[in-house]
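S.K.: What follows is coords.cif, mmCIF, N, CA and C atoms.
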```
data_coords
loop_
_atom_site.label_atom_id
_atom_site.label_comp_id
_atom_site.auth_asym_id
_atom_site.auth_seq_id
_atom_site.Cartn_x
_atom_site.Cartn_y
_atom_site.Cartn_z
N MET A 1 91.92 124.64 114.61
CA MET A 1 90.56 125.03 114.32
C MET A 1 89.95 125.66 115.56
N LYS A 2 89.46 126.84 115.43
CA LYS A 2 88.88 127.57 116.54
C LYS A 2 87.55 126.95 116.95
N GLY A 3 87.36 126.77 118.28
CA GLY A 3 86.07 126.30 118.77
C GLY A 3 85.83 124.81 118.64
N GLY A 4 86.80 124.03 118.26
CA GLY A 4 86.59 122.60 118.16
C GLY A 4 87.70 121.92 117.41
N PHE A 5 87.47 120.65 117.09
CA PHE A 5 88.47 119.87 116.40
C PHE A 5 87.99 119.56 114.99
N LYS A 6 88.96 119.32 114.10
CA LYS A 6 88.61 118.92 112.75
C LYS A 6 87.98 117.53 112.79
N ALA A 7 87.19 117.24 111.78
CA ALA A 7 86.48 115.97 111.71
C ALA A 7 87.42 114.78 111.82
N GLU A 8 88.64 114.88 111.24
CA GLU A 8 89.56 113.74 111.28
C GLU A 8 90.01 113.41 112.70
N ALA A 9 89.90 114.36 113.62
CA ALA A 9 90.27 114.11 115.01
C ALA A 9 89.10 113.51 115.79
N LEU A 10 87.95 113.40 115.16
CA LEU A 10 86.74 112.93 115.85
C LEU A 10 86.16 111.66 115.24
N VAL A 11 86.99 110.90 114.56
CA VAL A 11 86.52 109.69 113.89
C VAL A 11 85.81 108.75 114.87
N LEU A 12 86.44 108.49 116.01
CA LEU A 12 85.81 107.59 116.98
C LEU A 12 84.51 108.17 117.54
N GLU A 13 84.50 109.47 117.77
CA GLU A 13 83.29 110.10 118.30
C GLU A 13 82.13 109.97 117.31
N TYR A 14 82.41 110.23 116.04
CA TYR A 14 81.36 110.09 115.02
C TYR A 14 80.91 108.64 114.89
N SER A 15 81.87 107.75 114.87
CA SER A 15 81.55 106.33 114.75
C SER A 15 80.71 105.86 115.93
N ASN A 16 81.11 106.26 117.13
CA ASN A 16 80.35 105.86 118.32
C ASN A 16 78.95 106.44 118.32
N THR A 17 78.79 107.64 117.82
CA THR A 17 77.46 108.25 117.73
C THR A 17 76.56 107.42 116.83
N VAL A 18 77.09 107.00 115.69
CA VAL A 18 76.33 106.15 114.78
C VAL A 18 75.99 104.82 115.45
N PHE A 19 76.98 104.23 116.11
CA PHE A 19 76.75 102.95 116.78
C PHE A 19 75.63 103.06 117.81
N PHE A 20 75.72 104.05 118.69
CA PHE A 20 74.73 104.17 119.74
C PHE A 20 73.35 104.52 119.19
N ALA A 21 73.30 105.26 118.10
CA ALA A 21 72.01 105.55 117.47
C ALA A 21 71.39 104.25 116.94
N LEU A 22 72.20 103.45 116.25
CA LEU A 22 71.71 102.18 115.72
C LEU A 22 71.31 101.22 116.85
N TRP A 23 72.12 101.18 117.90
CA TRP A 23 71.85 100.28 119.03
C TRP A 23 70.56 100.69 119.73
N THR A 24 70.33 101.99 119.83
CA THR A 24 69.10 102.50 120.45
C THR A 24 67.89 102.12 119.62
N VAL A 25 68.00 102.28 118.31
CA VAL A 25 66.89 101.89 117.42
C VAL A 25 66.60 100.41 117.59
N LEU A 26 67.64 99.59 117.62
CA LEU A 26 67.46 98.15 117.80
C LEU A 26 66.78 97.84 119.13
N ALA A 27 67.21 98.51 120.19
CA ALA A 27 66.63 98.27 121.52
C ALA A 27 65.14 98.60 121.56
N PHE A 28 64.75 99.69 120.91
CA PHE A 28 63.34 100.07 120.90
C PHE A 28 62.53 99.25 119.91
N ALA A 29 63.16 98.83 118.81
CA ALA A 29 62.46 98.04 117.80
C ALA A 29 62.11 96.66 118.32
N ASP A 30 62.98 96.08 119.14
CA ASP A 30 62.75 94.73 119.66
C ASP A 30 63.29 94.64 121.08
N PRO A 31 62.48 95.07 122.06
CA PRO A 31 62.93 95.06 123.46
C PRO A 31 63.29 93.66 123.97
N SER A 32 62.80 92.62 123.33
CA SER A 32 63.13 91.26 123.78
C SER A 32 64.34 90.69 123.05
N SER A 33 65.01 91.53 122.27
CA SER A 33 66.17 91.10 121.51
C SER A 33 67.28 90.62 122.44
N PRO A 34 68.04 89.61 122.01
CA PRO A 34 69.17 89.16 122.82
C PRO A 34 70.35 90.13 122.76
N ALA A 35 70.17 91.23 122.07
CA ALA A 35 71.25 92.21 121.90
C ALA A 35 71.77 92.74 123.23
N GLU A 36 70.93 92.78 124.24
CA GLU A 36 71.33 93.29 125.55
C GLU A 36 72.57 92.57 126.08
N HIS A 37 72.65 91.28 125.82
CA HIS A 37 73.77 90.48 126.32
C HIS A 37 75.00 90.56 125.42
N LEU A 38 74.82 91.15 124.26
CA LEU A 38 75.91 91.22 123.29
C LEU A 38 76.52 92.61 123.15
N ASP A 39 76.10 93.54 123.99
CA ASP A 39 76.56 94.92 123.83
C ASP A 39 78.07 95.05 123.92
N GLY A 40 78.73 94.30 124.80
CA GLY A 40 80.18 94.36 124.93
C GLY A 40 80.91 93.93 123.66
N PRO A 41 80.68 92.68 123.22
CA PRO A 41 81.39 92.24 122.02
C PRO A 41 80.99 93.02 120.77
N VAL A 42 79.73 93.41 120.66
CA VAL A 42 79.30 94.14 119.46
C VAL A 42 79.90 95.54 119.45
N SER A 43 79.96 96.20 120.60
CA SER A 43 80.55 97.55 120.62
C SER A 43 82.04 97.49 120.33
N MET A 44 82.72 96.47 120.83
CA MET A 44 84.15 96.33 120.52
C MET A 44 84.35 95.96 119.05
N ALA A 45 83.46 95.17 118.49
CA ALA A 45 83.55 94.85 117.06
C ALA A 45 83.36 96.11 116.23
N TRP A 46 82.47 96.97 116.66
CA TRP A 46 82.25 98.23 115.95
C TRP A 46 83.52 99.09 115.99
N LEU A 47 84.13 99.16 117.18
CA LEU A 47 85.38 99.92 117.31
C LEU A 47 86.49 99.31 116.45
N ALA A 48 86.55 97.98 116.44
CA ALA A 48 87.55 97.30 115.60
C ALA A 48 87.32 97.64 114.13
N ALA A 49 86.06 97.58 113.70
CA ALA A 49 85.74 97.89 112.31
C ALA A 49 86.09 99.35 111.98
N THR A 50 85.86 100.23 112.93
CA THR A 50 86.21 101.64 112.73
C THR A 50 87.71 101.79 112.57
N ALA A 51 88.48 101.16 113.45
CA ALA A 51 89.94 101.26 113.39
C ALA A 51 90.49 100.64 112.11
N TRP A 52 90.08 99.41 111.82
CA TRP A 52 90.55 98.75 110.59
C TRP A 52 90.11 99.52 109.36
N GLY A 53 88.87 100.04 109.38
CA GLY A 53 88.36 100.81 108.25
C GLY A 53 89.17 102.08 108.02
N SER A 54 89.57 102.73 109.11
CA SER A 54 90.37 103.96 108.96
C SER A 54 91.72 103.65 108.32
N ILE A 55 92.25 102.48 108.61
CA ILE A 55 93.51 102.05 107.98
C ILE A 55 93.27 101.77 106.49
N LEU A 56 92.19 101.05 106.21
CA LEU A 56 91.89 100.69 104.82
C LEU A 56 91.68 101.91 103.93
N VAL A 57 91.09 102.97 104.47
CA VAL A 57 90.87 104.17 103.65
C VAL A 57 92.08 105.09 103.65
N GLY A 58 93.14 104.68 104.35
CA GLY A 58 94.38 105.45 104.33
C GLY A 58 94.45 106.61 105.30
N HIS A 59 93.56 106.63 106.29
CA HIS A 59 93.55 107.69 107.30
C HIS A 59 93.44 107.09 108.69
N PRO A 60 94.51 106.48 109.20
CA PRO A 60 94.44 105.88 110.53
C PRO A 60 93.90 106.88 111.56
N PHE A 61 92.92 106.46 112.34
CA PHE A 61 92.20 107.39 113.21
C PHE A 61 93.10 108.10 114.22
N THR A 62 94.21 107.49 114.61
CA THR A 62 95.08 108.16 115.59
C THR A 62 95.78 109.38 115.01
N THR A 63 95.89 109.45 113.69
CA THR A 63 96.58 110.58 113.05
C THR A 63 95.87 111.89 113.35
N GLY A 64 94.56 111.91 113.19
CA GLY A 64 93.79 113.12 113.46
C GLY A 64 93.88 113.55 114.91
N ILE A 65 93.91 112.58 115.80
CA ILE A 65 94.02 112.87 117.23
C ILE A 65 95.41 113.42 117.53
N ALA A 66 96.44 112.80 116.97
CA ALA A 66 97.83 113.22 117.22
C ALA A 66 98.09 114.63 116.69
N LYS A 67 97.40 115.00 115.64
CA LYS A 67 97.61 116.34 115.07
C LYS A 67 97.23 117.45 116.05
N ARG A 68 96.46 117.12 117.06
CA ARG A 68 96.11 118.11 118.08
C ARG A 68 97.35 118.60 118.83
N ASP A 69 98.35 117.71 118.95
CA ASP A 69 99.53 117.98 119.78
C ASP A 69 100.83 118.12 119.01
N VAL A 70 100.77 117.97 117.70
CA VAL A 70 101.99 117.99 116.90
C VAL A 70 101.95 119.20 115.96
N PRO A 71 103.08 119.89 115.83
CA PRO A 71 103.11 121.04 114.93
C PRO A 71 102.73 120.66 113.49
N ARG A 72 102.05 121.54 112.81
CA ARG A 72 101.57 121.30 111.45
C ARG A 72 102.68 120.82 110.51
N GLU A 73 103.90 121.33 110.68
CA GLU A 73 104.99 120.94 109.77
C GLU A 73 105.36 119.46 109.91
N MET A 74 104.91 118.80 110.95
CA MET A 74 105.18 117.37 111.16
C MET A 74 104.10 116.47 110.56
N TRP A 75 102.96 117.01 110.21
CA TRP A 75 101.81 116.22 109.82
C TRP A 75 102.04 115.30 108.62
N ASN A 76 102.91 115.67 107.71
CA ASN A 76 103.17 114.84 106.54
C ASN A 76 104.50 114.10 106.63
N ASP A 77 105.15 114.20 107.77
CA ASP A 77 106.42 113.52 107.98
C ASP A 77 106.18 112.00 107.96
N PRO A 78 106.98 111.26 107.19
CA PRO A 78 106.79 109.80 107.11
C PRO A 78 106.86 109.11 108.48
N GLY A 79 107.73 109.60 109.37
CA GLY A 79 107.82 109.01 110.71
C GLY A 79 106.54 109.21 111.51
N PHE A 80 105.98 110.40 111.45
CA PHE A 80 104.71 110.70 112.14
C PHE A 80 103.60 109.81 111.60
N LEU A 81 103.53 109.71 110.28
CA LEU A 81 102.48 108.89 109.66
C LEU A 81 102.66 107.41 110.01
N ARG A 82 103.90 106.94 110.03
CA ARG A 82 104.17 105.53 110.36
C ARG A 82 103.80 105.23 111.81
N VAL A 83 104.19 106.11 112.73
CA VAL A 83 103.85 105.92 114.15
C VAL A 83 102.34 105.80 114.31
N ASN A 84 101.60 106.65 113.62
CA ASN A 84 100.14 106.61 113.75
C ASN A 84 99.51 105.40 113.09
N LEU A 85 100.10 104.93 112.01
CA LEU A 85 99.62 103.69 111.41
C LEU A 85 99.82 102.53 112.39
N ILE A 86 100.98 102.48 113.01
CA ILE A 86 101.27 101.42 113.99
C ILE A 86 100.33 101.53 115.18
N LEU A 87 100.13 102.74 115.70
CA LEU A 87 99.23 102.91 116.85
C LEU A 87 97.80 102.53 116.50
N THR A 88 97.34 102.88 115.32
CA THR A 88 95.99 102.49 114.92
C THR A 88 95.88 100.98 114.79
N ARG A 89 96.94 100.34 114.28
CA ARG A 89 96.93 98.87 114.22
C ARG A 89 96.86 98.26 115.62
N VAL A 90 97.59 98.84 116.56
CA VAL A 90 97.55 98.35 117.95
C VAL A 90 96.12 98.43 118.48
N TRP A 91 95.48 99.58 118.28
CA TRP A 91 94.09 99.73 118.73
C TRP A 91 93.17 98.74 118.01
N ALA A 92 93.34 98.59 116.70
CA ALA A 92 92.49 97.68 115.94
C ALA A 92 92.65 96.24 116.43
N ILE A 93 93.88 95.83 116.69
CA ILE A 93 94.13 94.48 117.20
C ILE A 93 93.52 94.32 118.59
N ALA A 94 93.71 95.32 119.44
CA ALA A 94 93.15 95.26 120.81
C ALA A 94 91.63 95.17 120.76
N PHE A 95 91.00 95.99 119.92
CA PHE A 95 89.54 95.94 119.80
C PHE A 95 89.09 94.58 119.27
N SER A 96 89.85 94.02 118.32
CA SER A 96 89.50 92.71 117.75
C SER A 96 89.62 91.61 118.79
N ILE A 97 90.71 91.62 119.55
CA ILE A 97 90.89 90.62 120.61
C ILE A 97 89.79 90.77 121.66
N SER A 98 89.47 92.00 122.01
CA SER A 98 88.40 92.23 122.99
C SER A 98 87.06 91.72 122.49
N THR A 99 86.81 91.88 121.21
CA THR A 99 85.58 91.35 120.62
C THR A 99 85.50 89.85 120.85
N LEU A 100 86.59 89.16 120.56
CA LEU A 100 86.61 87.70 120.72
C LEU A 100 86.49 87.29 122.18
N THR A 101 87.26 87.93 123.05
CA THR A 101 87.22 87.53 124.47
C THR A 101 85.87 87.84 125.09
N LEU A 102 85.30 88.99 124.75
CA LEU A 102 83.98 89.32 125.31
C LEU A 102 82.91 88.39 124.73
N GLY A 103 83.08 87.99 123.49
CA GLY A 103 82.16 87.01 122.91
C GLY A 103 82.24 85.69 123.65
N LEU A 104 83.45 85.28 124.00
CA LEU A 104 83.61 84.04 124.78
C LEU A 104 83.00 84.16 126.17
N VAL A 105 83.12 85.32 126.78
CA VAL A 105 82.51 85.56 128.09
C VAL A 105 81.00 85.38 128.00
N VAL A 106 80.40 85.91 126.94
CA VAL A 106 78.94 85.78 126.76
C VAL A 106 78.57 84.33 126.51
N VAL A 107 79.27 83.68 125.60
CA VAL A 107 78.95 82.29 125.24
C VAL A 107 79.12 81.36 126.45
N ALA A 108 80.17 81.60 127.25
CA ALA A 108 80.44 80.74 128.40
C ALA A 108 79.65 81.16 129.64
N HIS A 109 78.87 82.21 129.52
CA HIS A 109 78.06 82.72 130.65
C HIS A 109 78.92 83.00 131.89
N LEU A 110 80.09 83.63 131.64
CA LEU A 110 80.97 83.97 132.75
C LEU A 110 80.45 85.20 133.47
N ASN A 111 80.91 85.39 134.70
CA ASN A 111 80.38 86.51 135.48
C ASN A 111 80.91 87.85 134.98
N VAL A 112 80.34 88.91 135.50
CA VAL A 112 80.63 90.26 135.05
C VAL A 112 82.09 90.66 135.28
N GLY A 113 82.75 90.04 136.24
CA GLY A 113 84.15 90.34 136.50
C GLY A 113 85.03 90.07 135.28
N PHE A 114 84.75 88.96 134.58
CA PHE A 114 85.51 88.64 133.36
C PHE A 114 85.24 89.68 132.28
N ARG A 115 83.99 90.07 132.18
CA ARG A 115 83.62 91.07 131.18
C ARG A 115 84.36 92.39 131.44
N VAL A 116 84.35 92.83 132.68
CA VAL A 116 85.02 94.08 133.04
C VAL A 116 86.52 93.96 132.77
N PHE A 117 87.13 92.84 133.15
CA PHE A 117 88.56 92.65 132.94
C PHE A 117 88.93 92.75 131.46
N PHE A 118 88.23 91.99 130.61
CA PHE A 118 88.58 91.96 129.19
C PHE A 118 88.28 93.28 128.50
N GLN A 119 87.21 93.93 128.91
CA GLN A 119 86.89 95.22 128.30
C GLN A 119 87.93 96.27 128.72
N ALA A 120 88.30 96.27 129.99
CA ALA A 120 89.30 97.22 130.47
C ALA A 120 90.66 96.96 129.82
N ALA A 121 91.06 95.70 129.76
CA ALA A 121 92.34 95.36 129.14
C ALA A 121 92.39 95.81 127.69
N GLY A 122 91.27 95.67 126.99
CA GLY A 122 91.20 96.06 125.59
C GLY A 122 91.30 97.55 125.36
N LEU A 123 91.16 98.32 126.42
CA LEU A 123 91.30 99.78 126.33
C LEU A 123 92.58 100.28 126.99
N ILE A 124 92.93 99.69 128.10
CA ILE A 124 94.10 100.16 128.86
C ILE A 124 95.41 99.82 128.16
N ILE A 125 95.55 98.59 127.68
CA ILE A 125 96.80 98.17 127.04
C ILE A 125 97.13 99.05 125.82
N PRO A 126 96.21 99.25 124.88
CA PRO A 126 96.57 100.12 123.76
C PRO A 126 96.77 101.59 124.18
N ALA A 127 96.09 102.01 125.24
CA ALA A 127 96.31 103.38 125.72
C ALA A 127 97.73 103.55 126.23
N ILE A 128 98.24 102.56 126.93
CA ILE A 128 99.63 102.60 127.41
C ILE A 128 100.59 102.63 126.23
N VAL A 129 100.34 101.78 125.24
CA VAL A 129 101.19 101.75 124.05
C VAL A 129 101.15 103.10 123.34
N THR A 130 99.97 103.71 123.27
CA THR A 130 99.81 105.01 122.61
C THR A 130 100.64 106.09 123.29
N VAL A 131 100.77 106.01 124.59
CA VAL A 131 101.58 106.99 125.32
C VAL A 131 103.07 106.67 125.19
N GLN A 132 103.43 105.41 125.33
CA GLN A 132 104.84 105.03 125.40
C GLN A 132 105.54 104.92 124.05
N TYR A 133 104.87 104.38 123.05
CA TYR A 133 105.53 104.13 121.76
C TYR A 133 106.08 105.40 121.11
N PRO A 134 105.31 106.47 121.00
CA PRO A 134 105.89 107.68 120.39
C PRO A 134 107.10 108.22 121.18
N LYS A 135 107.08 108.07 122.49
CA LYS A 135 108.22 108.51 123.30
C LYS A 135 109.46 107.68 122.96
N ARG A 136 109.28 106.38 122.79
CA ARG A 136 110.40 105.51 122.43
C ARG A 136 110.94 105.83 121.05
N VAL A 137 110.05 106.09 120.11
CA VAL A 137 110.49 106.45 118.76
C VAL A 137 111.27 107.76 118.81
N GLN A 138 110.76 108.74 119.54
CA GLN A 138 111.43 110.03 119.65
C GLN A 138 112.81 109.87 120.31
N ALA A 139 112.89 109.05 121.35
CA ALA A 139 114.17 108.82 122.03
C ALA A 139 115.17 108.18 121.07
N ARG A 140 114.71 107.21 120.26
CA ARG A 140 115.59 106.57 119.27
C ARG A 140 116.07 107.58 118.23
N MET A 141 115.16 108.43 117.79
CA MET A 141 115.55 109.45 116.81
C MET A 141 116.56 110.42 117.41
N ASN A 142 116.33 110.84 118.65
CA ASN A 142 117.28 111.74 119.33
C ASN A 142 118.65 111.09 119.49
N ALA A 143 118.66 109.80 119.85
CA ALA A 143 119.92 109.08 120.02
C ALA A 143 120.67 108.99 118.69
N THR A 144 119.94 108.75 117.62
CA THR A 144 120.55 108.65 116.29
C THR A 144 121.16 110.00 115.89
N ILE A 145 120.43 111.06 116.16
CA ILE A 145 120.92 112.40 115.82
C ILE A 145 122.16 112.73 116.65
N THR A 146 122.12 112.39 117.95
CA THR A 146 123.25 112.65 118.84
C THR A 146 124.49 111.85 118.41
N GLN A 147 124.31 110.60 118.03
CA GLN A 147 125.41 109.76 117.60
C GLN A 147 125.99 110.23 116.28
N GLY A 148 125.13 110.83 115.44
CA GLY A 148 125.57 111.29 114.13
C GLY A 148 126.35 112.60 114.20
N VAL A 149 126.25 113.29 115.32
CA VAL A 149 126.92 114.60 115.45
C VAL A 149 128.35 114.43 115.83
#
```
Would you write the structure of this file as structure tokens?
M.R.:
Amino acid sequence: MKGGFKAEALVLEYSNTVFFALWTVLAFADPSSPAEHLDGPVSMAWLAATAWGSILVGHPFTTGIAKRDVPREMWNDPGFLRVNLILTRVWAIAFSISTLTLGLVVVAHLNVGFRVFFQAAGLIIPAIVTVQYPKRVQARMNATITQGV
């Protein structure tokens, strides 16, 4: 698509825009709201809901992003679709775990270092998997093809 990306590649961007709009309205509607202390777990819960929701509707959010780098003829390949379903599940699980751990940080009144650690881990670990897993799948496929020749 000239001049930008298709909507399916921007699922997280659209979802985050809605989240921040709602969070802003909440902040202005009730400045004394305890929401300020819950921004970490609530934002991760929103991301988890977005990821799980994309799976439920049959369009894992990583698929649209991956299409940026994969030739069009691969877009309907069962292997491509499976890899993206798995990657979206990894992100959904990471966001869900981060929601719980950040919620515990808030409830236990732990210092900001714990919050930073759990939030970073919830983003870095699935990012590493997103980079490495497709490479491993491709290497396995190449090895299978080489062995079959």
S.K.: Could you please determine the separation between atom CA of Asn76 of chain A and atom CA of Ala49 of chain A in Å, to one decimal place?
M.R.: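 Atom-to-atom, atom CA of Asn76 of chain A to atom CA of Ala49 of chain A, that is 25.0 Å.
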S.K.: For a test of reading the model, state the distance in Å between atom CA of Asp77 of chain A and atom N of Gly64 of chain A, rounded to one decimal.
M.R.: 13.1 Å
S.K.: May I ask for the distance between atom CA of Leu123 of chain A and atom CA of Val107 of chain A, given in Å to one decimal place?
M.R.: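 Spanning atom CA of Leu123 of chain A to atom CA of Val107 of chain A is a straight-line distance of 21.4 Å.
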S.K.: Would you list the contacts of segment 90-104 of chain A as a ChimeraX atom specification, taking every protein, DNA or RNA residue within 7 Å and counting only N, CA and C atoms, but skipping same-chain residues closer than 3 positions in sequence?
M.R.: /A:40-42,44-45,47-49,51-52,85-87,107-110,115,118-119,121-123,126
S.K.: Would you mind exporting N, CA and C atoms of the selected residues as a tab-separated table (two decimals), in the frame of the given file?
M.R.:
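Dumped everything to out.tsv:
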```tsv
chain	number	residue	atom	x	y	z
A	40	GLY	N	78.73	94.30	124.80
A	40	GLY	CA	80.18	94.36	124.93
A	40	GLY	C	80.91	93.93	123.66
A	41	PRO	N	80.68	92.68	123.22
A	41	PRO	CA	81.39	92.24	122.02
A	41	PRO	C	80.99	93.02	120.77
A	42	VAL	N	79.73	93.41	120.66
A	42	VAL	CA	79.30	94.14	119.46
A	42	VAL	C	79.90	95.54	119.45
A	44	MET	N	82.72	96.47	120.83
A	44	MET	CA	84.15	96.33	120.52
A	44	MET	C	84.35	95.96	119.05
A	45	ALA	N	83.46	95.17	118.49
A	45	ALA	CA	83.55	94.85	117.06
A	45	ALA	C	83.36	96.11	116.23
A	47	LEU	N	84.13	99.16	117.18
A	47	LEU	CA	85.38	99.92	117.31
A	47	LEU	C	86.49	99.31	116.45
A	48	ALA	N	86.55	97.98	116.44
A	48	ALA	CA	87.55	97.30	115.60
A	48	ALA	C	87.32	97.64	114.13
A	49	ALA	N	86.06	97.58	113.70
A	49	ALA	CA	85.74	97.89	112.31
A	49	ALA	C	86.09	99.35	111.98
A	51	ALA	N	88.48	101.16	113.45
A	51	ALA	CA	89.94	101.26	113.39
A	51	ALA	C	90.49	100.64	112.11
A	52	TRP	N	90.08	99.41	111.82
A	52	TRP	CA	90.55	98.75	110.59
A	52	TRP	C	90.11	99.52	109.36
A	85	LEU	N	100.10	104.93	112.01
A	85	LEU	CA	99.62	103.69	111.41
A	85	LEU	C	99.82	102.53	112.39
A	86	ILE	N	100.98	102.48	113.01
A	86	ILE	CA	101.27	101.42	113.99
A	86	ILE	C	100.33	101.53	115.18
A	87	LEU	N	100.13	102.74	115.70
A	87	LEU	CA	99.23	102.91	116.85
A	87	LEU	C	97.80	102.53	116.50
A	107	VAL	N	79.27	83.68	125.60
A	107	VAL	CA	78.95	82.29	125.24
A	107	VAL	C	79.12	81.36	126.45
A	108	ALA	N	80.17	81.60	127.25
A	108	ALA	CA	80.44	80.74	128.40
A	108	ALA	C	79.65	81.16	129.64
A	109	HIS	N	78.87	82.21	129.52
A	109	HIS	CA	78.06	82.72	130.65
A	109	HIS	C	78.92	83.00	131.89
A	110	LEU	N	80.09	83.63	131.64
A	110	LEU	CA	80.97	83.97	132.75
A	110	LEU	C	80.45	85.20	133.47
A	115	ARG	N	83.99	90.07	132.18
A	115	ARG	CA	83.62	91.07	131.18
A	115	ARG	C	84.36	92.39	131.44
A	118	PHE	N	88.23	91.99	130.61
A	118	PHE	CA	88.58	91.96	129.19
A	118	PHE	C	88.28	93.28	128.50
A	119	GLN	N	87.21	93.93	128.91
A	119	GLN	CA	86.89	95.22	128.30
A	119	GLN	C	87.93	96.27	128.72
A	121	ALA	N	91.06	95.70	129.76
A	121	ALA	CA	92.34	95.36	129.14
A	121	ALA	C	92.39	95.81	127.69
A	122	GLY	N	91.27	95.67	126.99
A	122	GLY	CA	91.20	96.06	125.59
A	122	GLY	C	91.30	97.55	125.36
A	123	LEU	N	91.16	98.32	126.42
A	123	LEU	CA	91.30	99.78	126.33
A	123	LEU	C	92.58	100.28	126.99
A	126	PRO	N	96.21	99.25	124.88
A	126	PRO	CA	96.57	100.12	123.76
A	126	PRO	C	96.77	101.59	124.18
```
S.K.: What lies within 12 Å of Arg82 of chain A using only C-alpha atoms, ignoring chain neighbours under 3 positions off, as a PyMOL selection string?
M.R.: chain A and resi 55+58-60+62-63+74-79+85-89+133-134+137
S.K.: Using only N, CA and C atoms, can you tell me which of A:Ala127, A:Ala9, A:Phe114, A:Lys135 comes closest to Lys67 of chain A?
M.R.: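 Nearest candidate to Lys67 of chain A out of A:Ala127, A:Ala9, A:Phe114, A:Lys135: A:Ala9.
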S.K.: Given only C-alpha atoms as the basis, pick out the residue of A:Asn111, A:Thr144, A:Gln132, A:Gly53 nearest to Val11 of chain A.
M.R.: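 Residue with the minimum atom-to-atom distance to Val11 of chain A: A:Gly53.
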S.K.: Centre and edge lengths of an axis-aligned box around all listed atoms of segment 60-70 of chain A, with 4 Å added on each side, are to be given in Å to one decimal, as lines of an AutoDock Vina configuration file.
M.R.:
```
center_x = 97.1
center_y = 112.5
center_z = 114.5
size_x = 17.8
size_y = 21.3
size_z = 18.6
```
